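Undergrad: Take a look at entry36.tsv, TSV, C-alpha atoms:
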```tsv
chain	number	residue	atom	x	y	z
A	233	MET	CA	60.86	-197.54	162.85
A	234	GLU	CA	59.90	-195.31	165.77
A	235	LYS	CA	56.24	-194.45	166.02
A	236	LYS	CA	55.43	-190.76	165.44
A	237	ILE	CA	52.64	-189.27	167.53
A	238	LEU	CA	51.01	-185.86	167.14
A	239	VAL	CA	49.28	-184.30	170.14
A	240	THR	CA	47.04	-181.37	169.21
A	241	THR	CA	43.96	-179.48	170.37
A	242	ILE	CA	40.46	-179.09	168.96
A	243	GLY	CA	38.59	-175.81	169.29
A	244	ILE	CA	35.00	-174.98	168.39
A	245	GLY	CA	35.69	-172.46	165.62
A	246	LYS	CA	34.27	-172.93	162.13
A	247	THR	CA	37.62	-172.90	160.28
A	248	ILE	CA	39.74	-175.19	162.43
A	249	LEU	CA	39.37	-178.33	160.33
A	250	SER	CA	41.53	-176.98	157.53
A	251	ALA	CA	44.27	-176.10	160.04
A	252	ILE	CA	44.09	-179.53	161.67
A	253	ALA	CA	44.28	-181.21	158.26
A	254	ARG	CA	47.32	-179.12	157.33
A	255	SER	CA	49.08	-180.00	160.58
A	256	VAL	CA	48.37	-183.73	160.25
A	257	TYR	CA	49.49	-183.70	156.61
A	258	THR	CA	52.76	-181.88	157.49
A	259	HIS	CA	53.71	-184.04	160.48
A	260	ASN	CA	52.48	-187.29	158.91
A	261	PRO	CA	52.06	-189.08	162.27
A	262	ASN	CA	51.15	-192.72	162.90
A	263	ARG	CA	48.84	-191.65	165.69
A	264	VAL	CA	47.00	-188.43	166.61
A	265	VAL	CA	45.78	-187.52	170.09
A	266	PHE	CA	43.23	-184.71	170.25
A	267	VAL	CA	42.95	-182.66	173.44
A	268	CYS	CA	39.44	-181.31	173.43
A	269	THR	CA	36.17	-180.60	175.22
A	270	ASN	CA	32.95	-182.59	174.86
A	271	GLU	CA	31.53	-179.70	172.84
A	272	SER	CA	34.41	-179.55	170.36
A	273	LYS	CA	34.43	-183.34	169.92
A	274	GLU	CA	30.70	-183.42	169.24
A	275	LYS	CA	30.99	-180.53	166.80
A	276	HIS	CA	34.04	-181.68	164.82
A	277	GLY	CA	34.66	-185.33	165.74
A	278	GLU	CA	32.96	-186.88	162.74
A	279	GLU	CA	34.69	-184.62	160.23
A	280	ILE	CA	38.05	-185.21	161.95
A	281	ASN	CA	37.53	-188.95	161.55
A	282	ASN	CA	37.31	-188.35	157.81
A	283	ILE	CA	40.60	-186.41	157.54
A	284	VAL	CA	42.73	-188.37	160.02
A	285	GLY	CA	44.04	-191.89	159.59
A	286	PRO	CA	42.86	-194.89	161.60
A	287	GLU	CA	44.87	-194.46	164.83
A	288	LYS	CA	43.54	-191.56	166.84
A	289	ASP	CA	42.29	-190.81	170.31
A	290	PHE	CA	40.34	-188.05	172.03
A	291	PHE	CA	41.14	-186.78	175.51
A	292	ILE	CA	38.40	-184.75	177.14
A	293	VAL	CA	39.79	-182.03	179.42
A	294	SER	CA	38.15	-181.34	182.78
A	295	ASP	CA	38.02	-177.54	182.44
A	296	PRO	CA	39.06	-175.74	179.19
A	297	SER	CA	39.65	-172.44	181.02
A	298	ASN	CA	41.74	-173.72	183.97
A	299	ALA	CA	45.28	-173.32	182.65
A	300	ASP	CA	47.03	-174.85	185.68
A	301	ARG	CA	44.88	-177.95	185.55
A	302	LEU	CA	45.31	-178.16	181.79
A	303	VAL	CA	49.12	-178.11	182.03
A	304	LEU	CA	49.00	-181.11	184.34
A	305	GLU	CA	46.57	-182.98	182.10
A	306	CYS	CA	48.56	-182.20	178.93
A	307	ALA	CA	51.80	-183.27	180.61
A	308	ARG	CA	50.25	-186.60	181.55
A	309	ILE	CA	48.98	-187.13	178.01
A	310	ILE	CA	52.41	-186.38	176.51
A	311	ALA	CA	54.22	-188.55	179.05
A	312	ASP	CA	51.91	-191.49	178.31
A	313	GLU	CA	52.34	-191.07	174.56
A	314	GLN	CA	56.13	-190.87	174.90
A	315	LYS	CA	56.06	-194.47	176.08
A	316	GLN	CA	54.80	-195.42	172.63
A	317	GLY	CA	56.97	-193.26	170.38
A	318	LYS	CA	58.27	-189.82	169.51
A	319	VAL	CA	55.83	-187.00	170.28
A	320	CYS	CA	55.40	-183.71	168.45
A	321	VAL	CA	52.89	-181.07	169.53
A	322	ASP	CA	50.66	-178.65	167.61
A	323	PHE	CA	48.94	-175.96	169.65
A	324	THR	CA	47.02	-174.13	166.90
A	325	THR	CA	43.37	-174.63	167.82
A	326	GLY	CA	41.52	-174.95	171.11
A	327	THR	CA	41.01	-172.26	173.72
A	328	LYS	CA	43.91	-169.96	174.54
A	329	ALA	CA	44.30	-171.74	177.86
A	330	MET	CA	44.42	-175.14	176.13
A	331	SER	CA	47.02	-174.02	173.59
A	332	ALA	CA	49.17	-172.35	176.24
A	333	ALA	CA	48.93	-175.39	178.51
A	334	LEU	CA	49.87	-177.81	175.74
A	335	TYR	CA	52.89	-175.71	174.75
A	336	ALA	CA	54.00	-175.34	178.38
A	337	ALA	CA	53.70	-179.08	178.95
A	338	ALA	CA	55.70	-179.76	175.78
A	339	LEU	CA	58.54	-177.51	176.98
A	340	ALA	CA	58.48	-179.03	180.45
A	341	LEU	CA	58.84	-182.52	178.97
A	342	ASP	CA	61.54	-181.38	176.53
A	343	ILE	CA	59.56	-182.12	173.36
A	344	GLU	CA	61.89	-181.26	170.50
A	345	THR	CA	59.27	-180.15	167.96
A	346	THR	CA	56.18	-177.99	168.45
A	347	SER	CA	54.20	-176.21	165.77
A	348	TYR	CA	51.29	-173.95	164.99
A	349	VAL	CA	49.41	-173.19	161.79
A	350	GLU	CA	49.45	-169.69	160.35
A	351	GLY	CA	48.14	-168.19	157.11
A	352	GLU	CA	46.64	-165.21	155.37
A	353	ARG	CA	43.77	-163.58	157.25
A	354	ASP	CA	40.58	-161.96	156.06
A	355	GLU	CA	39.20	-158.63	157.23
A	356	GLY	CA	37.82	-160.29	160.36
A	357	GLY	CA	41.21	-161.73	161.28
A	358	ILE	CA	40.22	-165.30	160.39
A	359	VAL	CA	42.81	-167.44	158.61
A	360	ILE	CA	41.68	-167.98	155.04
A	361	SER	CA	41.10	-171.62	154.21
A	362	LYS	CA	43.77	-173.27	152.03
A	363	THR	CA	46.36	-170.54	152.84
A	364	GLU	CA	47.46	-172.36	156.00
A	365	ARG	CA	51.09	-173.29	156.54
A	366	VAL	CA	52.70	-175.02	159.49
A	367	LYS	CA	55.29	-173.07	161.46
A	368	THR	CA	57.64	-175.48	163.20
A	369	LEU	CA	59.48	-174.52	166.40
A	370	MET	CA	62.49	-176.57	167.44
A	371	ASN	CA	62.28	-175.23	171.02
A	372	THR	CA	66.05	-174.88	171.20
A	373	ILE	CA	66.20	-171.62	173.15
A	374	PRO	CA	63.17	-172.16	175.43
A	375	SER	CA	64.45	-175.63	176.27
A	376	ALA	CA	67.95	-174.28	176.96
A	377	ILE	CA	66.54	-171.60	179.28
A	378	LEU	CA	64.57	-174.21	181.23
A	379	SER	CA	67.63	-176.46	181.36
A	380	SER	CA	69.80	-173.60	182.59
A	381	LYS	CA	67.34	-172.99	185.41
A	382	ARG	CA	67.75	-176.61	186.49
A	383	ALA	CA	71.55	-176.46	186.12
A	384	ILE	CA	71.74	-173.32	188.26
A	385	GLU	CA	69.51	-174.85	190.95
A	386	LEU	CA	71.78	-177.90	191.08
A	387	TYR	CA	74.93	-175.77	191.03
A	388	ASN	CA	73.83	-173.52	193.87
A	389	SER	CA	72.93	-176.66	195.87
A	390	CYS	CA	76.51	-177.97	195.42
A	391	PHE	CA	75.61	-180.72	192.94
A	392	TYR	CA	78.34	-179.55	190.60
A	393	GLY	CA	78.67	-182.76	188.58
A	394	SER	CA	74.98	-182.86	187.67
A	395	ALA	CA	75.02	-179.13	186.87
A	396	LEU	CA	78.06	-179.63	184.63
A	397	GLU	CA	76.34	-182.37	182.61
A	398	ILE	CA	73.34	-180.13	181.94
A	399	ALA	CA	75.60	-177.15	181.14
A	400	ARG	CA	77.49	-179.32	178.63
A	401	GLU	CA	74.20	-180.27	176.92
A	402	ILE	CA	73.17	-176.61	176.79
A	403	ARG	CA	76.50	-175.58	175.27
A	404	ASP	CA	76.28	-178.34	172.65
A	405	ARG	CA	72.69	-177.34	171.84
A	406	ILE	CA	73.01	-173.56	171.54
A	407	GLY	CA	76.76	-172.99	171.43
A	408	LYS	CA	76.61	-171.87	167.78
A	409	LEU	CA	73.83	-169.33	168.26
A	410	LYS	CA	75.39	-165.89	168.15
A	411	ASP	CA	73.31	-164.30	170.91
A	412	MET	CA	73.57	-167.29	173.26
A	413	SER	CA	77.02	-168.82	172.77
A	414	ALA	CA	78.88	-166.62	175.29
A	415	LYS	CA	76.39	-167.28	178.08
A	416	ALA	CA	76.30	-171.00	177.34
A	417	GLU	CA	80.10	-171.14	177.48
A	418	ALA	CA	80.20	-169.05	180.67
A	419	LEU	CA	77.74	-171.33	182.46
A	420	TYR	CA	79.71	-174.38	181.37
A	421	LEU	CA	83.03	-172.93	182.58
A	422	ILE	CA	81.60	-171.91	185.96
A	423	CYS	CA	80.21	-175.42	186.46
A	424	GLU	CA	83.42	-177.12	185.32
A	425	LEU	CA	85.58	-174.87	187.52
A	426	SER	CA	83.59	-175.73	190.63
A	427	TYR	CA	83.26	-179.41	189.77
A	428	ARG	CA	87.03	-179.80	189.33
A	429	TRP	CA	87.74	-177.70	192.41
A	430	ASP	CA	85.23	-179.66	194.50
A	431	SER	CA	86.82	-182.93	193.30
A	432	PHE	CA	90.30	-181.76	194.47
A	433	GLU	CA	91.39	-181.57	190.81
A	434	PHE	CA	93.02	-178.20	191.42
A	435	ALA	CA	95.29	-178.13	188.35
A	436	GLU	CA	92.37	-178.95	186.04
A	437	ALA	CA	90.23	-176.33	187.78
A	438	ALA	CA	92.91	-173.70	187.12
A	439	LYS	CA	92.95	-174.60	183.41
A	440	THR	CA	89.25	-173.76	183.07
A	441	LEU	CA	90.12	-170.14	183.87
A	442	ASN	CA	92.29	-169.69	180.79
A	443	ILE	CA	89.65	-167.39	179.25
A	444	HIS	CA	90.48	-164.77	176.62
A	445	ASP	CA	87.06	-164.13	175.10
A	446	LYS	CA	85.77	-160.86	176.55
A	447	SER	CA	82.18	-161.73	175.76
A	448	VAL	CA	82.50	-164.90	177.87
A	449	LEU	CA	84.08	-162.94	180.73
A	450	SER	CA	81.26	-160.41	180.52
A	451	ALA	CA	78.69	-163.22	180.58
A	452	MET	CA	80.39	-164.76	183.61
A	453	GLY	CA	80.23	-161.43	185.38
A	454	GLU	CA	76.53	-161.11	184.59
A	455	MET	CA	75.80	-164.62	185.86
A	456	LEU	CA	77.79	-164.11	189.06
A	457	GLY	CA	76.44	-160.62	189.68
A	458	CYS	CA	79.68	-158.67	189.34
A	459	ALA	CA	81.42	-156.43	186.83
A	460	PRO	CA	83.62	-158.03	184.13
A	461	ASP	CA	86.69	-156.18	185.44
A	462	VAL	CA	86.21	-157.83	188.83
A	463	ILE	CA	86.26	-161.22	187.09
A	464	GLN	CA	89.38	-160.27	185.15
A	465	ASP	CA	91.18	-158.99	188.25
A	466	ASN	CA	90.45	-162.10	190.29
A	467	ILE	CA	91.14	-164.78	187.70
A	468	PRO	CA	94.98	-164.58	187.95
A	469	ARG	CA	94.78	-164.70	191.76
A	470	LEU	CA	92.43	-167.66	191.72
A	471	ILE	CA	94.60	-169.52	189.19
A	472	GLU	CA	97.64	-168.98	191.43
A	473	TYR	CA	95.69	-170.17	194.47
A	474	LEU	CA	94.45	-173.33	192.74
A	475	GLU	CA	97.87	-174.19	191.31
A	476	LYS	CA	99.48	-173.88	194.74
A	477	LEU	CA	96.90	-176.29	196.17
A	478	THR	CA	98.59	-179.04	194.13
A	479	GLU	CA	101.50	-178.83	196.60
A	480	SER	CA	101.17	-181.63	199.17
A	481	LEU	CA	102.00	-179.42	202.15
A	482	ASN	CA	99.98	-176.30	201.45
A	483	PRO	CA	98.22	-175.19	204.69
A	484	SER	CA	95.23	-173.93	202.66
A	485	LEU	CA	94.37	-177.57	201.96
A	486	ALA	CA	93.15	-177.83	205.55
A	487	TRP	CA	90.55	-175.16	204.80
A	488	GLU	CA	89.71	-176.82	201.49
A	489	LEU	CA	88.98	-180.07	203.30
A	490	LEU	CA	86.81	-178.27	205.84
A	491	ARG	CA	84.84	-176.43	203.16
A	492	ASN	CA	84.49	-179.57	201.08
A	493	ALA	CA	82.97	-181.21	204.15
A	494	GLU	CA	80.56	-178.28	204.49
A	495	ARG	CA	79.44	-178.76	200.89
A	496	ARG	CA	78.88	-182.48	201.47
A	497	ALA	CA	76.84	-181.66	204.56
A	498	LYS	CA	74.80	-179.15	202.57
A	499	THR	CA	73.66	-182.01	200.35
A	500	GLY	CA	72.93	-184.23	203.36
A	501	ARG	CA	75.95	-186.48	202.85
A	502	PHE	CA	77.20	-186.38	206.44
A	503	ASP	CA	79.20	-189.63	206.19
A	504	ASP	CA	81.22	-188.15	203.32
A	505	ALA	CA	81.55	-184.89	205.24
A	506	VAL	CA	83.11	-186.41	208.35
A	507	GLY	CA	85.59	-188.30	206.16
A	508	ARG	CA	86.88	-184.95	204.94
A	509	LEU	CA	86.94	-183.56	208.48
A	510	TYR	CA	88.93	-186.56	209.71
A	511	ARG	CA	91.49	-185.96	206.97
A	512	ALA	CA	91.60	-182.23	207.76
A	513	ILE	CA	92.39	-182.90	211.43
A	514	GLU	CA	95.06	-185.45	210.52
A	515	TYR	CA	96.52	-183.06	207.95
A	516	ILE	CA	96.84	-180.24	210.49
A	517	GLY	CA	98.95	-182.54	212.66
A	518	GLN	CA	101.07	-183.51	209.66
A	519	LEU	CA	101.67	-179.85	208.85
A	520	LYS	CA	102.91	-179.25	212.40
A	521	LEU	CA	105.30	-182.19	212.16
A	522	HIS	CA	106.50	-180.80	208.83
A	523	ASP	CA	107.24	-177.46	210.50
A	524	LEU	CA	109.34	-179.38	213.03
A	525	GLY	CA	111.23	-181.16	210.24
A	526	LEU	CA	109.68	-184.53	211.06
A	527	PHE	CA	107.42	-185.07	208.03
A	528	ASP	CA	108.22	-184.52	204.34
A	529	GLY	CA	104.77	-185.12	202.90
A	530	GLU	CA	105.22	-188.87	202.62
A	531	ASN	CA	107.47	-190.14	205.39
A	532	PHE	CA	107.76	-189.46	209.10
A	533	LYS	CA	111.14	-188.96	210.77
A	534	LEU	CA	112.02	-190.15	214.28
A	535	ASP	CA	113.14	-187.47	216.71
A	536	LYS	CA	115.71	-189.49	218.68
A	537	SER	CA	115.81	-186.91	221.45
A	538	ALA	CA	112.14	-187.45	222.27
A	539	SER	CA	110.91	-189.88	224.89
A	540	LEU	CA	108.19	-191.79	223.07
A	541	PRO	CA	105.97	-194.78	223.95
A	542	GLU	CA	107.43	-198.05	222.73
A	543	ASP	CA	104.75	-198.68	220.08
A	544	LEU	CA	105.09	-195.19	218.58
A	545	ASN	CA	108.88	-195.35	218.63
A	546	GLU	CA	108.78	-198.72	216.84
A	547	LYS	CA	106.48	-197.41	214.09
A	548	LEU	CA	108.79	-194.46	213.44
A	549	GLU	CA	111.93	-196.60	213.42
A	550	LYS	CA	110.35	-198.94	210.87
A	551	GLY	CA	109.14	-196.02	208.74
A	552	LEU	CA	105.48	-196.98	209.10
A	553	PRO	CA	102.74	-194.42	208.36
A	554	LEU	CA	101.04	-192.72	211.31
A	555	GLY	CA	97.28	-192.29	211.57
A	556	LEU	CA	95.46	-189.35	213.12
A	557	LYS	CA	95.81	-190.46	216.71
A	558	ASP	CA	99.50	-191.33	216.40
A	559	VAL	CA	100.29	-188.06	214.63
A	560	PHE	CA	98.96	-186.10	217.58
A	561	ARG	CA	100.47	-188.51	220.13
A	562	TYR	CA	103.83	-187.81	218.49
A	563	LEU	CA	103.28	-184.08	218.75
A	564	TRP	CA	102.10	-184.41	222.34
A	565	HIS	CA	105.29	-186.24	223.42
A	566	LEU	CA	107.72	-183.92	221.66
A	567	LYS	CA	109.69	-181.59	223.88
A	568	LYS	CA	109.65	-179.06	221.02
A	569	ASN	CA	105.88	-178.80	221.08
A	570	ASP	CA	105.43	-175.64	223.12
A	571	ASP	CA	102.33	-174.26	221.38
A	572	SER	CA	100.06	-176.97	222.84
A	573	LEU	CA	98.39	-177.78	219.49
A	574	ALA	CA	98.20	-181.46	220.42
A	575	ASN	CA	96.98	-180.71	223.94
A	576	GLY	CA	93.48	-180.13	222.65
A	577	VAL	CA	93.47	-183.53	220.95
A	578	ILE	CA	95.55	-185.79	223.23
A	579	GLU	CA	95.47	-186.17	227.00
A	580	ASN	CA	97.60	-188.72	228.86
A	581	ASP	CA	98.62	-190.32	225.56
A	582	GLU	CA	94.99	-190.84	224.50
A	583	LEU	CA	92.47	-188.87	222.49
A	584	THR	CA	90.50	-186.46	224.65
A	585	THR	CA	86.95	-187.52	225.47
A	586	GLU	CA	85.60	-184.85	223.11
A	587	PHE	CA	87.63	-186.16	220.18
A	588	GLN	CA	86.94	-189.79	221.06
A	589	VAL	CA	83.18	-189.20	220.94
A	590	ALA	CA	83.32	-187.18	217.70
A	591	LEU	CA	85.63	-189.61	215.91
A	592	ALA	CA	83.74	-192.67	217.17
A	593	ALA	CA	80.73	-191.60	215.09
A	594	ARG	CA	82.96	-191.46	212.03
A	595	ASN	CA	84.59	-194.83	212.76
A	596	LYS	CA	81.18	-196.49	213.20
A	597	SER	CA	79.87	-195.09	209.90
A	598	ILE	CA	79.22	-197.26	206.87
A	599	LEU	CA	82.12	-195.55	205.04
A	600	ALA	CA	84.61	-196.43	207.78
A	601	HIS	CA	84.30	-199.57	209.93
A	602	GLY	CA	80.65	-199.85	210.93
A	603	PHE	CA	77.08	-199.56	209.76
A	604	SER	CA	75.65	-196.54	211.58
A	605	PRO	CA	74.94	-193.27	209.70
A	606	VAL	CA	76.81	-190.27	211.08
A	607	GLY	CA	73.96	-187.77	211.19
A	608	LYS	CA	73.95	-183.98	211.29
A	609	GLU	CA	74.62	-183.63	215.02
A	610	ASN	CA	77.81	-185.73	214.95
A	611	TYR	CA	78.98	-183.94	211.83
A	612	GLU	CA	78.56	-180.53	213.46
A	613	LYS	CA	80.52	-181.60	216.55
A	614	LEU	CA	83.46	-182.79	214.47
A	615	ARG	CA	83.28	-179.77	212.17
A	616	LYS	CA	83.61	-177.42	215.15
A	617	LEU	CA	86.60	-179.38	216.49
A	618	ALA	CA	88.27	-179.27	213.07
A	619	GLU	CA	87.66	-175.53	212.60
A	620	ASP	CA	88.93	-174.72	216.10
A	621	LEU	CA	92.05	-176.79	215.45
A	622	ILE	CA	92.73	-175.03	212.14
A	623	LYS	CA	92.49	-171.66	213.85
A	624	ARG	CA	94.69	-172.73	216.76
A	625	ALA	CA	97.25	-173.92	214.25
A	626	GLY	CA	97.31	-170.36	212.89
A	627	ILE	CA	96.34	-171.39	209.34
A	628	LYS	CA	95.02	-168.33	207.53
A	629	GLU	CA	91.61	-168.64	205.89
A	630	PRO	CA	91.94	-168.34	202.06
A	631	ASP	CA	90.22	-165.57	200.11
A	632	PHE	CA	88.52	-168.01	197.73
A	633	ASN	CA	85.58	-170.29	198.49
A	634	ILE	CA	83.39	-172.22	196.03
A	635	LEU	CA	80.35	-171.58	198.21
A	636	ASN	CA	80.70	-167.85	197.49
A	637	ILE	CA	80.45	-168.44	193.73
A	638	LYS	CA	76.69	-168.25	193.30
A	639	VAL	CA	75.05	-168.14	189.86
A	640	ARG	CA	72.32	-165.51	189.97
A	641	THR	CA	70.90	-165.21	186.44
A	642	LEU	CA	69.70	-167.51	183.66
A	643	LEU	CA	70.92	-167.61	180.08
```
Would you mind writing the structure in this file as structure tokens?

TA:
Amino acid sequence: MEKKILVTTIGIGKTILSAIARSVYTHNPNRVVFVCTNESKEKHGEEINNIVGPEKDFFIVSDPSNADRLVLECARIIADEQKQGKVCVDFTTGTKAMSAALYAAALALDIETTSYVEGERDEGGIVISKTERVKTLMNTIPSAILSSKRAIELYNSCFYGSALEIAREIRDRIGKLKDMSAKAEALYLICELSYRWDSFEFAEAAKTLNIHDKSVLSAMGEMLGCAPDVIQDNIPRLIEYLEKLTESLNPSLAWELLRNAERRAKTGRFDDAVGRLYRAIEYIGQLKLHDLGLFDGENFKLDKSASLPEDLNEKLEKGLPLGLKDVFRYLWHLKKNDDSLANGVIENDELTTEFQVALAARNKSILAHGFSPVGKENYEKLRKLAEDLIKRAGIKEPDFNILNIKVRTLL
């Protein structure tokens, strides 16, 4: 059976013992930890020993009026006690700073149950002895608000998977609360949309936008900082855009790869980023070959009228796949290639020096064929080459971008 631990405070007031006794009786813990001052321990310690079972401990705070310091001390106490069992917190007695600090620490460490003792008061505002009752707080909403803050921080930093996991927990926790359900659902849908989109699961991303609940749409608008009608107007367009991205030869995929690389770089994952850029550059060449009727999305077709190097001609005759370099070599040798797209990539049947240097960093990375990290500088060089190539290919930049979907408000 899991050990139950109560962490509470001791003040110096005359009537606190009855409240402490009521709290201990209600929670029925195996262990009690008292956060107190030397003065309060000396004044009430002996009597507390008489009303509390055998396992107890006293933690003397350094400064009962320094709230910031107290939060840190209370958090350390709770964290240490959590190693031994399940912690609940009562913040009834003690100075205001001590009670506030203990409650704040409990929320920060996601303590499920906190409580305080209330009761009937006399003319002086003092709780009358033996009228005390424990008021238990399950911390559902405060905890959800704190969790949503973390989810939004992760989301806006492009850690969509982590944000989605927290948003799912929030929805499960408060999804049935009338005043909170729409916002919880909205946060979850925003996170799932971006996670699926960022993972190239475009069809699944589109499905998340099948929203008919106006309260959820309104909550989404509030979180994204725009009017609900703007959300409603853009959802059909975004669904259409995402569904078309499932087509293997959609030019917008080149931009998606570039932007995905930018999101990876934003999180410091430059090796992952250059992998996307490499694919974007290769894909641009494939699109050009498709325009010339020489690539169907899977297979390359030999243009028999072209004068090609023996190795390239042999690969095409055998129906072998072409990598990035060979795709642009093919374009470079074609008589039909009058727009010079390949001329910026290939020179004298080889990659240009600029591309060789940029791609060498990728090929030497741990995710390709080597052991050297790519680094920000190499990523930025390849990103510029990829973006310039997309623009030279005349591929229009899409209207939609995950990076522009920023969550601005909490639950």

Undergrad: Find the residues near segment 501-506 of chain A: any atom within 8 Å, counting only C-alpha atoms, skip ones fewer than 4 places away on the same chain, and give them as a list of chain:residue names.

TA: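 The filter keeps A:Asn492, A:Ala493, A:Glu494, A:Arg495, A:Arg496, A:Ala497, A:Tyr510, A:Arg594, A:Ser597, A:Ile598, A:Leu599, A:Pro605, A:Val606, A:Gly607, A:Lys608, A:Tyr611, A:Leu614, A:Arg615.
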
Undergrad: Quick check, in Å to one decimal: how far apart do atom CA of Ala253 of chain A and atom CA of Ile280 of chain A lie?

TA: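 Atom-to-atom, atom CA of Ala253 of chain A and atom CA of Ile280 of chain A are spaced 8.3 Å apart.
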
Undergrad: Record the distance separating atom CA of Tyr562 of chain A and atom CA of Leu617 of chain A, expressed in Å with one decimal.

TA: 19.3 Å

Undergrad: Compare A:Thr345, A:Asn633, A:Thr325, A:Ser394 by their minimum atom-to-atom distance to Ser375 of chain A, counting only C-alpha atoms, and give me the closest one.

TA: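 Of the candidates, the smallest distance to Ser375 of chain A is held by A:Thr345.
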
Undergrad: In terms of the shortest atom-to-atom distance over all atoms listed in the file, which of A:Ala337, A:Met455, A:Met370, A:Ile402 is closest to Thr641 of chain A?

TA: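 Of all the options, A:Met455 lies closest to Thr641 of chain A.
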
Undergrad: Atom CA of Gly457 of chain A and atom CA of Lys498 of chain A are how many Å apart?

TA: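 So the answer is 22.6 Å.
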
Undergrad: I'd like to know which of A:Val577, A:Ile292, A:Leu386, A:Leu583 is closest to Asp620 of chain A, using only C-alpha atoms.

TA: A:Val577

Undergrad: Nearest residue to Asp411 of chain A out of A:Gln518, A:Leu643, A:Asp535, A:Asn595, using all atoms listed in the file?

TA: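 Answer, going by the shortest atom-to-atom distance: A:Leu643.
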
Undergrad: Give me the residues near Ala338 of chain A as a ChimeraX atom specification, where near means some atom within 12 Å (using only C-alpha atoms) and where sequence neighbours in that chain fewer than 2 positions away do not count.

TA: /A:238-240,303-311,313-314,319-323,331-336,340-347,369-371,374-375,378

Undergrad: Can those selected residues be exported to a file as a short mmCIF file (atom, residue, chain, number, x, y, z; two decimals), keeping the file's coordinate frame so that it contains C-alpha atoms?

TA:
```
data_model
loop_
_atom_site.label_atom_id
_atom_site.label_comp_id
_atom_site.auth_asym_id
_atom_site.auth_seq_id
_atom_site.Cartn_x
_atom_site.Cartn_y
_atom_site.Cartn_z
CA LEU A 238 51.01 -185.86 167.14
CA VAL A 239 49.28 -184.30 170.14
CA THR A 240 47.04 -181.37 169.21
CA VAL A 303 49.12 -178.11 182.03
CA LEU A 304 49.00 -181.11 184.34
CA GLU A 305 46.57 -182.98 182.10
CA CYS A 306 48.56 -182.20 178.93
CA ALA A 307 51.80 -183.27 180.61
CA ARG A 308 50.25 -186.60 181.55
CA ILE A 309 48.98 -187.13 178.01
CA ILE A 310 52.41 -186.38 176.51
CA ALA A 311 54.22 -188.55 179.05
CA GLU A 313 52.34 -191.07 174.56
CA GLN A 314 56.13 -190.87 174.90
CA VAL A 319 55.83 -187.00 170.28
CA CYS A 320 55.40 -183.71 168.45
CA VAL A 321 52.89 -181.07 169.53
CA ASP A 322 50.66 -178.65 167.61
CA PHE A 323 48.94 -175.96 169.65
CA SER A 331 47.02 -174.02 173.59
CA ALA A 332 49.17 -172.35 176.24
CA ALA A 333 48.93 -175.39 178.51
CA LEU A 334 49.87 -177.81 175.74
CA TYR A 335 52.89 -175.71 174.75
CA ALA A 336 54.00 -175.34 178.38
CA ALA A 340 58.48 -179.03 180.45
CA LEU A 341 58.84 -182.52 178.97
CA ASP A 342 61.54 -181.38 176.53
CA ILE A 343 59.56 -182.12 173.36
CA GLU A 344 61.89 -181.26 170.50
CA THR A 345 59.27 -180.15 167.96
CA THR A 346 56.18 -177.99 168.45
CA SER A 347 54.20 -176.21 165.77
CA LEU A 369 59.48 -174.52 166.40
CA MET A 370 62.49 -176.57 167.44
CA ASN A 371 62.28 -175.23 171.02
CA PRO A 374 63.17 -172.16 175.43
CA SER A 375 64.45 -175.63 176.27
CA LEU A 378 64.57 -174.21 181.23
#
```

Undergrad: A:Gly517, A:Gly525, A:Gly243, A:Gly453: which is nearest Leu573 of chain A, counting all atoms listed in the file?

TA: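 That would be A:Gly517, the residue with the smallest distance to Leu573 of chain A.
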
Undergrad: Closest to His601 of chain A among A:Phe290, A:Leu524, A:Gly507, A:Leu474, using only C-alpha atoms?

TA: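 Ranking A:Phe290, A:Leu524, A:Gly507, A:Leu474 by distance to His601 of chain A, first place goes to A:Gly507.
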